[in-house]
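In what follows, a single structure is set out as structure tokens and then discussed.
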Amino acid sequence: MRITEIREAVVPISSPIRNAYIDFSKMTASVVAVVTDVIRDGKPVVGYGFNSNGRYAASGLLNERFLPRLREAAPDSLINDAGDNLDPRKVWATLMSNEKPGGHGERSVAVGVIDMAVWDAVAKIAGVPLYRYLADTEGDGTVDDSVFVYAAGGYYYPGKDDTQLQEEMRRYRDMGYEVVKMKIGGASLDEDIRRIEAVLEVVGDGKYLAVDANGRFDLDTAIAYAKALSPYKLFWYEEAGDPLDYALQAELAKHYDGPMATGENLFSHQDARNLLRHGGMRPDRDWLQFDCALSYGLVEYLRTLAILPECGFSTRNVIPHGGHQLSLNIAAGLKLGGNESYPEVFAPFGGFADDTRVEAGRVGLPDAPGIGFEKKQGLIECMRKATST
Ligand SMILES: O=C([O-])CC(=O)C(=O)O
Ligand SMILES: [Mg+2]
């Protein structure tokens, strides 16, 4: 078998929302379609990938470096020993040839988009959902029937008041989510506490509310928030300081007993390992949010998951950022702690299969081959149209 064609496109995922660091008014995403000569149901298998959210489309990197490497590779160098499927690790090695280590930047986003499309194609060719394929080939052979999900939102939005914030959270709870997440750090501490208390009126208990500062705070501000947040016993306090400031994170842990979460902006297993070595993260309560789509894809993610035990953590500490179906497959097939979900933002890339129901804060998985994009009409239509596939 071989890859016959690779198509790339840029699509907008812009919206007027704002977190403590950026607005999303010009946010874009890359989409890649990997077309193969394998026929299933009378049509060539096509794998699709996109780059989560929060980093812009990586078209320059894709078109100048990574896609040419894949197109120029000998077809046999990309397939498994049996010759009947792509080998994601061989594809990855081809993509990363002549790339120096370190300085992970955003080439990890470009590689992540292609890697997602490759795994989608691999599971489609194997004729099974990706979570099943992962359980069998990389895991212990069993899958979680359902996955914990929380509803991320609570963005700053022009003209949004506390009543609208409460209505948004009520909608999430009505959909079946138990834990919801809101942004902090884009307003004063007093305002954020007022917003938090408004949301707590809806969800009833701090254990149902996570807050996300998107890396906005210096140490003093992070500690001031920690002191103010402590009495609420929240689900977690996320990305207080700069994602690469492990000393800040470690110091903050001395001032905050409750669960903390970070990692969505660490894009390699080496960066993840540095967080675990130097960031003071506590395996008995803290959460790791590495997003495979932003961080060189699932081939690299498997390396990241592999270093968790040596640092005292388990895959159950991981609840990835991004709210996408690839992470949902990884969560079910490789036993993560859960997955993010964006019920109302980042459409059509956020969210799961159209018929997925959230019950008591958990979702099941569709049984479609691949990542399951074909079960999410708006997304598959968007990716097919963008790539003319
Ligand atoms: O607002 C964002 O960039 C998304 C984010 O941090 C999250 O989902 O945790
Ligand atoms: Mg976040």
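Naming works like this for the structure tokens: A, B, ... for the chains as they're shown, residue 1 at the start of each chain, ligands 1 onward in shown order.
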At a cut-off of 7 Å and counting only C-alpha atoms and all ligand atoms, what residues surround ligand 1? Please answer as a short mmCIF file (atom, residue, chain, number, x, y, z; two decimals) with N, CA, C and O atoms, in the first residue's frame.
```cif
data_model
loop_
_atom_site.label_atom_id
_atom_site.label_comp_id
_atom_site.auth_asym_id
_atom_site.auth_seq_id
_atom_site.Cartn_x
_atom_site.Cartn_y
_atom_site.Cartn_z
N ASN A 19 -9.26 34.61 26.43
CA ASN A 19 -8.80 34.11 27.73
C ASN A 19 -7.86 35.16 28.31
O ASN A 19 -7.79 36.28 27.82
N GLY A 54 -5.75 26.94 19.50
CA GLY A 54 -4.88 27.77 20.33
C GLY A 54 -3.53 28.07 19.72
O GLY A 54 -2.83 28.96 20.18
N ALA A 152 -15.39 22.77 29.02
CA ALA A 152 -14.54 23.96 29.10
C ALA A 152 -15.21 25.11 28.37
O ALA A 152 -15.70 24.96 27.26
N ASP A 212 -8.95 28.40 34.86
CA ASP A 212 -7.79 28.36 33.95
C ASP A 212 -7.26 29.77 33.73
O ASP A 212 -7.95 30.63 33.17
N ASN A 214 -4.47 30.41 31.97
CA ASN A 214 -3.74 30.47 30.69
C ASN A 214 -2.34 31.06 30.80
O ASN A 214 -1.89 31.79 29.92
N HIS A 321 -5.61 18.59 26.98
CA HIS A 321 -6.20 19.81 26.41
C HIS A 321 -6.72 19.51 25.01
O HIS A 321 -6.21 18.63 24.32
N GLY A 322 -7.70 20.25 24.56
CA GLY A 322 -8.02 20.28 23.14
C GLY A 322 -9.41 19.81 22.76
O GLY A 322 -9.91 20.16 21.70
#
```
Among segment 219-259 of chain A, which residues does DSSP mark as helix (DSSP H, G or I) when it is run on the backbone? Keep the chain and numbering as in the structure and answer as a PDB file with all heavy atoms, in the first residue's frame.
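As a result, selection_15.pdb now contains:
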```
ATOM      1  N   LEU A 219       4.650  35.048  39.849  1.00  0.00           N
ATOM      2  CA  LEU A 219       4.545  34.228  41.060  1.00  0.00           C
ATOM      3  C   LEU A 219       3.659  34.891  42.116  1.00  0.00           C
ATOM      4  O   LEU A 219       2.797  34.235  42.718  1.00  0.00           O
ATOM      5  CB  LEU A 219       5.946  33.927  41.625  1.00  0.00           C
ATOM      6  CG  LEU A 219       5.968  33.068  42.885  1.00  0.00           C
ATOM      7  CD1 LEU A 219       5.309  31.699  42.640  1.00  0.00           C
ATOM      8  CD2 LEU A 219       7.401  32.877  43.383  1.00  0.00           C
ATOM      9  N   ASP A 220       3.845  36.200  42.332  1.00  0.00           N
ATOM     10  CA  ASP A 220       3.061  36.863  43.388  1.00  0.00           C
ATOM     11  C   ASP A 220       1.572  36.798  43.087  1.00  0.00           C
ATOM     12  O   ASP A 220       0.755  36.545  43.973  1.00  0.00           O
ATOM     13  CB  ASP A 220       3.493  38.340  43.521  1.00  0.00           C
ATOM     14  CG  ASP A 220       4.869  38.459  44.153  1.00  0.00           C
ATOM     15  OD1 ASP A 220       5.344  37.446  44.712  1.00  0.00           O
ATOM     16  OD2 ASP A 220       5.475  39.550  44.071  1.00  0.00           O
ATOM     17  N   THR A 221       1.224  37.033  41.810  1.00  0.00           N
ATOM     18  CA  THR A 221      -0.196  36.999  41.456  1.00  0.00           C
ATOM     19  C   THR A 221      -0.736  35.578  41.552  1.00  0.00           C
ATOM     20  O   THR A 221      -1.854  35.357  42.041  1.00  0.00           O
ATOM     21  CB  THR A 221      -0.399  37.547  40.019  1.00  0.00           C
ATOM     22  OG1 THR A 221       0.339  38.760  39.893  1.00  0.00           O
ATOM     23  CG2 THR A 221      -1.863  37.795  39.725  1.00  0.00           C
ATOM     24  N   ALA A 222       0.079  34.623  41.117  1.00  0.00           N
ATOM     25  CA  ALA A 222      -0.359  33.219  41.196  1.00  0.00           C
ATOM     26  C   ALA A 222      -0.634  32.835  42.653  1.00  0.00           C
ATOM     27  O   ALA A 222      -1.612  32.136  42.949  1.00  0.00           O
ATOM     28  CB  ALA A 222       0.711  32.307  40.599  1.00  0.00           C
ATOM     29  N   ILE A 223       0.222  33.321  43.560  1.00  0.00           N
ATOM     30  CA  ILE A 223       0.033  32.999  44.985  1.00  0.00           C
ATOM     31  C   ILE A 223      -1.189  33.737  45.539  1.00  0.00           C
ATOM     32  O   ILE A 223      -1.979  33.177  46.308  1.00  0.00           O
ATOM     33  CB  ILE A 223       1.314  33.322  45.791  1.00  0.00           C
ATOM     34  CG1 ILE A 223       2.432  32.361  45.383  1.00  0.00           C
ATOM     35  CG2 ILE A 223       1.039  33.228  47.289  1.00  0.00           C
ATOM     36  CD1 ILE A 223       3.799  32.684  45.980  1.00  0.00           C
ATOM     37  N   ALA A 224      -1.369  34.985  45.125  1.00  0.00           N
ATOM     38  CA  ALA A 224      -2.551  35.742  45.595  1.00  0.00           C
ATOM     39  C   ALA A 224      -3.832  35.024  45.171  1.00  0.00           C
ATOM     40  O   ALA A 224      -4.776  34.882  45.957  1.00  0.00           O
ATOM     41  CB  ALA A 224      -2.512  37.167  45.035  1.00  0.00           C
ATOM     42  N   TYR A 225      -3.870  34.561  43.915  1.00  0.00           N
ATOM     43  CA  TYR A 225      -5.040  33.790  43.465  1.00  0.00           C
ATOM     44  C   TYR A 225      -5.146  32.481  44.254  1.00  0.00           C
ATOM     45  O   TYR A 225      -6.237  32.066  44.642  1.00  0.00           O
ATOM     46  CB  TYR A 225      -4.968  33.490  41.959  1.00  0.00           C
ATOM     47  CG  TYR A 225      -5.660  34.531  41.098  1.00  0.00           C
ATOM     48  CD1 TYR A 225      -5.066  35.760  40.851  1.00  0.00           C
ATOM     49  CD2 TYR A 225      -6.918  34.289  40.541  1.00  0.00           C
ATOM     50  CE1 TYR A 225      -5.696  36.718  40.070  1.00  0.00           C
ATOM     51  CE2 TYR A 225      -7.563  35.243  39.761  1.00  0.00           C
ATOM     52  CZ  TYR A 225      -6.950  36.452  39.515  1.00  0.00           C
ATOM     53  OH  TYR A 225      -7.585  37.404  38.746  1.00  0.00           O
ATOM     54  N   ALA A 226      -4.018  31.831  44.481  1.00  0.00           N
ATOM     55  CA  ALA A 226      -4.046  30.555  45.212  1.00  0.00           C
ATOM     56  C   ALA A 226      -4.711  30.746  46.568  1.00  0.00           C
ATOM     57  O   ALA A 226      -5.560  29.946  46.981  1.00  0.00           O
ATOM     58  CB  ALA A 226      -2.626  30.016  45.379  1.00  0.00           C
ATOM     59  N   LYS A 227      -4.325  31.825  47.249  1.00  0.00           N
ATOM     60  CA  LYS A 227      -4.909  32.079  48.585  1.00  0.00           C
ATOM     61  C   LYS A 227      -6.402  32.330  48.475  1.00  0.00           C
ATOM     62  O   LYS A 227      -7.200  31.831  49.272  1.00  0.00           O
ATOM     63  CB  LYS A 227      -4.217  33.283  49.233  1.00  0.00           C
ATOM     64  CG  LYS A 227      -2.795  32.953  49.626  1.00  0.00           C
ATOM     65  CD  LYS A 227      -2.241  33.914  50.672  1.00  0.00           C
ATOM     66  CE  LYS A 227      -0.896  33.409  51.160  1.00  0.00           C
ATOM     67  NZ  LYS A 227       0.185  34.370  51.019  1.00  0.00           N
ATOM     68  N   ALA A 228      -6.777  33.113  47.459  1.00  0.00           N
ATOM     69  CA  ALA A 228      -8.206  33.444  47.303  1.00  0.00           C
ATOM     70  C   ALA A 228      -9.024  32.233  46.857  1.00  0.00           C
ATOM     71  O   ALA A 228     -10.191  32.097  47.229  1.00  0.00           O
ATOM     72  CB  ALA A 228      -8.356  34.588  46.298  1.00  0.00           C
ATOM     73  N   LEU A 229      -8.414  31.354  46.072  1.00  0.00           N
ATOM     74  CA  LEU A 229      -9.168  30.196  45.537  1.00  0.00           C
ATOM     75  C   LEU A 229      -9.284  29.061  46.550  1.00  0.00           C
ATOM     76  O   LEU A 229     -10.246  28.279  46.513  1.00  0.00           O
ATOM     77  CB  LEU A 229      -8.466  29.650  44.277  1.00  0.00           C
ATOM     78  CG  LEU A 229      -8.390  30.560  43.044  1.00  0.00           C
ATOM     79  CD1 LEU A 229      -7.575  29.876  41.947  1.00  0.00           C
ATOM     80  CD2 LEU A 229      -9.778  30.909  42.530  1.00  0.00           C
ATOM     81  N   SER A 230      -8.298  28.956  47.445  1.00  0.00           N
ATOM     82  CA  SER A 230      -8.216  27.792  48.341  1.00  0.00           C
ATOM     83  C   SER A 230      -9.533  27.414  49.023  1.00  0.00           C
ATOM     84  O   SER A 230      -9.913  26.241  49.015  1.00  0.00           O
ATOM     85  CB  SER A 230      -7.147  28.012  49.409  1.00  0.00           C
ATOM     86  OG  SER A 230      -5.890  27.825  48.833  1.00  0.00           O
ATOM     87  N   PRO A 231     -10.247  28.394  49.623  1.00  0.00           N
ATOM     88  CA  PRO A 231     -11.457  28.002  50.364  1.00  0.00           C
ATOM     89  C   PRO A 231     -12.529  27.333  49.500  1.00  0.00           C
ATOM     90  O   PRO A 231     -13.379  26.618  50.032  1.00  0.00           O
ATOM     91  CB  PRO A 231     -11.994  29.335  50.903  1.00  0.00           C
ATOM     92  CG  PRO A 231     -10.905  30.330  50.738  1.00  0.00           C
ATOM     93  CD  PRO A 231      -9.988  29.842  49.678  1.00  0.00           C
ATOM     94  N   TYR A 232     -12.479  27.546  48.193  1.00  0.00           N
ATOM     95  CA  TYR A 232     -13.550  26.997  47.336  1.00  0.00           C
ATOM     96  C   TYR A 232     -13.341  25.525  47.001  1.00  0.00           C
ATOM     97  O   TYR A 232     -14.224  24.877  46.463  1.00  0.00           O
ATOM     98  CB  TYR A 232     -13.653  27.800  46.029  1.00  0.00           C
ATOM     99  CG  TYR A 232     -13.995  29.260  46.240  1.00  0.00           C
ATOM    100  CD1 TYR A 232     -13.057  30.251  45.995  1.00  0.00           C
ATOM    101  CD2 TYR A 232     -15.250  29.628  46.704  1.00  0.00           C
ATOM    102  CE1 TYR A 232     -13.357  31.589  46.194  1.00  0.00           C
ATOM    103  CE2 TYR A 232     -15.564  30.973  46.913  1.00  0.00           C
ATOM    104  CZ  TYR A 232     -14.610  31.952  46.650  1.00  0.00           C
ATOM    105  OH  TYR A 232     -14.913  33.255  46.855  1.00  0.00           O
ATOM    106  N   TYR A 246       8.991  26.196  35.426  1.00  0.00           N
ATOM    107  CA  TYR A 246       8.777  25.075  36.351  1.00  0.00           C
ATOM    108  C   TYR A 246       9.024  25.497  37.797  1.00  0.00           C
ATOM    109  O   TYR A 246       8.392  24.977  38.711  1.00  0.00           O
ATOM    110  CB  TYR A 246       9.678  23.901  35.965  1.00  0.00           C
ATOM    111  CG  TYR A 246       9.522  23.499  34.502  1.00  0.00           C
ATOM    112  CD1 TYR A 246      10.630  23.356  33.673  1.00  0.00           C
ATOM    113  CD2 TYR A 246       8.257  23.281  33.968  1.00  0.00           C
ATOM    114  CE1 TYR A 246      10.481  23.001  32.337  1.00  0.00           C
ATOM    115  CE2 TYR A 246       8.103  22.927  32.638  1.00  0.00           C
ATOM    116  CZ  TYR A 246       9.217  22.795  31.828  1.00  0.00           C
ATOM    117  OH  TYR A 246       9.071  22.455  30.514  1.00  0.00           O
ATOM    118  N   ALA A 247       9.935  26.425  37.997  1.00  0.00           N
ATOM    119  CA  ALA A 247      10.208  26.876  39.371  1.00  0.00           C
ATOM    120  C   ALA A 247       8.983  27.589  39.944  1.00  0.00           C
ATOM    121  O   ALA A 247       8.646  27.423  41.119  1.00  0.00           O
ATOM    122  CB  ALA A 247      11.424  27.801  39.380  1.00  0.00           C
ATOM    123  N   LEU A 248       8.314  28.378  39.113  1.00  0.00           N
ATOM    124  CA  LEU A 248       7.084  29.039  39.580  1.00  0.00           C
ATOM    125  C   LEU A 248       6.053  27.997  40.005  1.00  0.00           C
ATOM    126  O   LEU A 248       5.457  28.078  41.082  1.00  0.00           O
ATOM    127  CB  LEU A 248       6.523  29.955  38.488  1.00  0.00           C
ATOM    128  CG  LEU A 248       5.243  30.746  38.812  1.00  0.00           C
ATOM    129  CD1 LEU A 248       5.173  32.038  37.997  1.00  0.00           C
ATOM    130  CD2 LEU A 248       3.959  29.948  38.603  1.00  0.00           C
ATOM    131  N   GLN A 249       5.864  27.004  39.139  1.00  0.00           N
ATOM    132  CA  GLN A 249       4.868  25.964  39.423  1.00  0.00           C
ATOM    133  C   GLN A 249       5.225  25.241  40.734  1.00  0.00           C
ATOM    134  O   GLN A 249       4.356  24.976  41.569  1.00  0.00           O
ATOM    135  CB  GLN A 249       4.807  24.988  38.247  1.00  0.00           C
ATOM    136  CG  GLN A 249       3.770  23.892  38.382  1.00  0.00           C
ATOM    137  CD  GLN A 249       2.340  24.402  38.379  1.00  0.00           C
ATOM    138  OE1 GLN A 249       2.011  25.380  37.707  1.00  0.00           O
ATOM    139  NE2 GLN A 249       1.481  23.768  39.165  1.00  0.00           N
ATOM    140  N   ALA A 250       6.519  24.946  40.904  1.00  0.00           N
ATOM    141  CA  ALA A 250       6.953  24.223  42.108  1.00  0.00           C
ATOM    142  C   ALA A 250       6.747  25.080  43.360  1.00  0.00           C
ATOM    143  O   ALA A 250       6.303  24.586  44.399  1.00  0.00           O
ATOM    144  CB  ALA A 250       8.423  23.815  41.967  1.00  0.00           C
ATOM    145  N   GLU A 251       7.051  26.358  43.251  1.00  0.00           N
ATOM    146  CA  GLU A 251       6.859  27.244  44.412  1.00  0.00           C
ATOM    147  C   GLU A 251       5.366  27.391  44.732  1.00  0.00           C
ATOM    148  O   GLU A 251       4.955  27.368  45.889  1.00  0.00           O
ATOM    149  CB  GLU A 251       7.499  28.615  44.108  1.00  0.00           C
ATOM    150  CG  GLU A 251       7.373  29.649  45.204  1.00  0.00           C
ATOM    151  CD  GLU A 251       8.061  29.230  46.519  1.00  0.00           C
ATOM    152  OE1 GLU A 251       9.017  28.435  46.483  1.00  0.00           O
ATOM    153  OE2 GLU A 251       7.605  29.699  47.586  1.00  0.00           O
ATOM    154  N   LEU A 252       4.560  27.504  43.681  1.00  0.00           N
ATOM    155  CA  LEU A 252       3.117  27.680  43.881  1.00  0.00           C
ATOM    156  C   LEU A 252       2.514  26.501  44.640  1.00  0.00           C
ATOM    157  O   LEU A 252       1.598  26.672  45.453  1.00  0.00           O
ATOM    158  CB  LEU A 252       2.444  27.850  42.504  1.00  0.00           C
ATOM    159  CG  LEU A 252       0.948  28.133  42.496  1.00  0.00           C
ATOM    160  CD1 LEU A 252       0.613  29.408  43.282  1.00  0.00           C
ATOM    161  CD2 LEU A 252       0.448  28.247  41.057  1.00  0.00           C
ATOM    162  N   ALA A 253       3.047  25.303  44.358  1.00  0.00           N
ATOM    163  CA  ALA A 253       2.520  24.100  45.031  1.00  0.00           C
ATOM    164  C   ALA A 253       2.670  24.199  46.547  1.00  0.00           C
ATOM    165  O   ALA A 253       1.912  23.563  47.288  1.00  0.00           O
ATOM    166  CB  ALA A 253       3.227  22.853  44.502  1.00  0.00           C
TER     167      ALA A 253
END
```
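Ranking A:Ser341, A:Ser295, A:Gln325, A:Ser97 by their shortest atom-to-atom distance to Tyr131 of chain A, with only C-alpha atoms included, puts A:Gln325 first.
Between Gly351 of chain A and the residues A:Ala261, A:Tyr150, A:Gly105, A:Glu300, the shortest atom-to-atom distance, using only C-alpha atoms, involves A:Tyr150.
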Q | segment 128-320 of chain A: residues DSSP assigns to strand (DSSP E), reported as a list in words | A | Ser146, Val147, Phe148, Val149, Tyr150, Ala151, Ala152, Val180, Lys181, Met182, Lys183, Leu209, Ala210, Val211, Asp212, Trp236, Tyr237, Glu238, Met260, Ala261, Thr262, Trp287 and Leu288 of chain A
Okay, now the selection with C-alpha atoms, as a tab-separated table (two decimals), in the first residue's frame?
```tsv
chain	number	residue	atom	x	y	z
A	146	SER	CA	-16.62	5.56	28.94
A	147	VAL	CA	-14.37	8.54	29.52
A	148	PHE	CA	-14.65	11.38	32.04
A	149	VAL	CA	-15.17	14.71	30.29
A	150	TYR	CA	-15.53	18.24	31.57
A	151	ALA	CA	-17.06	21.22	29.80
A	152	ALA	CA	-14.54	23.96	29.10
A	180	VAL	CA	-17.21	22.87	34.13
A	181	LYS	CA	-14.23	25.15	33.51
A	182	MET	CA	-14.00	28.92	33.32
A	183	LYS	CA	-11.28	31.42	32.54
A	209	LEU	CA	-15.50	23.93	38.90
A	210	ALA	CA	-12.03	24.21	37.34
A	211	VAL	CA	-10.39	27.58	36.64
A	212	ASP	CA	-7.79	28.36	33.95
A	236	TRP	CA	-8.35	22.35	39.64
A	237	TYR	CA	-6.35	25.59	39.28
A	238	GLU	CA	-4.86	25.52	35.76
A	260	MET	CA	-3.47	21.99	39.92
A	261	ALA	CA	-3.25	21.30	36.20
A	262	THR	CA	-0.84	22.33	33.46
A	287	TRP	CA	-3.38	16.83	36.35
A	288	LEU	CA	-1.32	16.83	33.15
```
Q. For Asp271 of chain A, which residue out of A:Tyr155, A:Tyr256, A:Phe313, A:Phe290 is the nearest one, using only C-alpha atoms?
A. A:Phe290
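Straight-line separation from atom CA of Ile6 of chain A to atom CA of Asp115 of chain A: 12.2 Å.
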**Q.** Test item: residues at most 9 Å from His269 of chain A, only C-alpha atoms, excluding those fewer than 5 positions along its chain, as a PyMOL selection string
**A.** chain A and resi 274+295+300-305+307
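Atom pair atom CA of Gly176 of chain A / atom CA of Gly297 of chain A: separated by 29.7 Å.
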Q: Show which residues sit within 7 Å of Asn265 of chain A, as a ChimeraX atom specification. Count only C-alpha atoms, and ignore same-chain residues fewer than 2 positions away.
A: /A:243,263,267
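Taking atom CA of Tyr172 of chain A and atom CA of Ile22 of chain A as the two end points, the separation is 23.5 Å.
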**Q.** Nearest candidate to ligand 2 (options A:Val128, A:Ile184, A:Ala121, A:Cys292; using only C-alpha atoms and all ligand atoms)
**A.** A:Ile184
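Candidate residues A:Ala73, A:Glu138, A:Gly186, A:Ile371 were compared for distance to Ala306 of chain A, and the nearest is A:Glu138, using only C-alpha atoms.
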